[in-house]
There are 2 protein chains.
Amino acid sequence: MTTAQLVSEIKKKQSFLCIGLDVDLNKIPEHLLKEEDPIFAFNKAIIDATHHLCVAYKPNTAFYEAYGLKGWKALEKTIVYLNENYPEIFTIADAKRGDIGNTSTMYAKAFFEDLAFDSVTVAPYMGKDSVEPFLEFKDKHTILLALTSNQGAFDFQTKQLEENELYKEVLKISKTYKNSENLMYVVGATKAEYLAEIRQIIPESFLLVPGVGAQGGNLQEVCKYGLNNQIGLLINSSRGIIYASKNEDFAQQAAKKAQEIQNEMSAFV
Amino acid sequence: MTTAQLVSEIKKKQSFLCIGLDVDLNKIPEHLLKEEDPIFAFNKAIIDATHHLCVAYKPNTAFYEAYGLKGWKALEKTIVYLNENYPEIFTIADAKRGDIGNTSTMYAKAFFEDLAFDSVTVAPYMGKDSVEPFLEFKDKHTILLALTSNQGAFDFQTKQLEENELYKEVLKISKTYKNSENLMYVVGATKAEYLAEIRQIIPESFLLVPGVGAQGGNLQEVCKYGLNNQIGLLINSSRGIIYASKNEDFAQQAAKKAQEIQNEMSAFV
């Protein structure tokens, strides 16, 4: 998917909501556990009920890998279902990968070709030759971790280097990578006050903002500092939407939560 | 596996060799492609031929994920085969994972419980609460990226922070993490001269050293600066061993390469 298509979808739906599909079998409605593939059954119901309210879905691969082969199969079925039924939706493999050059190419193939996601999240620690292999894929997007939403972000990311904090160096240096037009960035919503400075370094890029909702981020604040002339934001909510209810009506309750956020977002589009 | 068991195995085999199982279907002998599971068939042959010469195997997950479900299944069969037939071997999932707390726990379960690896490689960018969930597992080891062997290592890892370069901050700060006795570190062999300084910060920890062989690292140099009183090194070679030959005798040729390295290593044990 091109960035222009994503922006057009955001305008059409008046939403820049991304729904995180982080499926934990201990948290989904009990009646689904009788299904042959409870993870996929859960995802399918959530997707069918919410696809008109969001522009992106983001399965975090950890939740699938934890269930081994069954989990990987459910991930594969989920992305196939999305691509076949809702090709207008932007898909994010939240995998936080990154390795030396030839190995990053294998990861890129795994997520862009085998699983056919539109984008993948990548960790920057290993630098240029660990990121550029992902950027070679046309109309695929690499979402680089810049400033994450967890407490540990302050361990290294906000440490002062010679000129900048580390996360700003990540932003600045990654802009020089080949095909850097295929980059987006993860910026945690728990640090909305950083967004103004981030926008000075990367005014045009899309930002994937986790941490609104369960992690305490504030939509108004994020929009105030993070919006650009093509919106430029994807705001993720996972638990707050998908676990709105453990009853038979879980998908409708999820849609209700998504609707609330979409209503709030429409004022900004 | 405990660290003491690993050290005992190193002394018994007079080897601290780790063999990287990075299986690329374009590089394995053609006759294996007729097998039902060529990846596993390749791994099994390599393992059976080399297990007495090395103390660890390290499949890099990228090479398995690139083949989707089939790949994940081959990874599962490989670790089951290792644990059933060679339980004395230390197993490393080279996955370079790392995410916010509850999600890192899912990754830890995936690699320590579902796949039953002894260790997993983890990226430090997201800090303490992304690493500590891995450290909670008894007799399981978390191998943190410190200084990697690729060119991109100089993008961020060697940048000067207020007191130290970033990779030294990673070493220092991670030592304060809960259960830090379960930490090991990745240190690229292409930078053997850094090892002396690294040993001042973490004298006791095991180091996983990739990059000897194909990536140009030198065993003598690494040993000179990296050995400690319990050896404290696992030196990895992947392509240099497993792709020694594309003929029917590929496993014997791999063993020959491994034997050469083991011979060299025995002088240091």
# chains A, B, ... in the order shown; residues from 1 in each chain; ligands from 1

call {"tool": "interface_residues", "arguments": {"of": "chain A", "to": "chain B", "cutoff": "6 Å", "atoms": "only C-alpha atoms", "output": "CSV table (one decimal) with C-alpha atoms, in the first residue's frame"}}
result
chain,number,residue,atom,x,y,z
A,62,ALA,CA,4.9,-12.3,20.3
A,63,PHE,CA,1.3,-13.3,21.0
A,65,GLU,CA,4.8,-17.1,18.6
A,66,ALA,CA,3.9,-17.9,22.2
A,106,MET,CA,15.1,-12.9,5.3
A,107,TYR,CA,12.9,-11.1,7.9
A,109,LYS,CA,10.8,-11.6,3.0
A,110,ALA,CA,9.0,-13.3,5.9
A,126,MET,CA,22.1,-2.5,14.8
A,127,GLY,CA,22.1,0.5,12.5
A,128,LYS,CA,22.0,1.1,8.8
A,129,ASP,CA,22.7,-2.2,7.3
A,152,GLY,CA,12.6,1.3,29.9
A,153,ALA,CA,12.7,3.9,27.1
A,155,ASP,CA,17.4,3.5,30.0
A,160,GLN,CA,22.2,12.4,25.7
A,161,LEU,CA,24.8,11.6,23.0

call {"tool": "select_by_dssp", "arguments": {"residues": "region 31-239 of chain B", "states": "strand (DSSP E or B)", "output": "VMD selection string"}}
result
chain B and resid 56 to 58 60 90 to 97 119 to 122 141 to 147 160 to 161 165 183 to 187 207 to 209 212 217 228 231 233 to 237

call {"tool": "atom_distance", "arguments": {"atom1": "CA of Asn26 (chain A)", "atom2": "CA of Val212 (chain A)"}}
result
22.6 Å

call {"tool": "residues_around", "arguments": {"residues": "region 3-12 of chain A", "least_positions_apart": "5", "cutoff": "7 Å", "atoms": "only C-alpha atoms", "output": "VMD selection string"}}
result
chain A and resid 55 90 230 269

call {"tool": "select_by_dssp", "arguments": {"residues": "region 15-165 of chain A", "states": "alpha helix (DSSP H)", "output": "ChimeraX atom specification"}}
result
/A:38-50,61-65,68-85,101-108,128-135,153-156
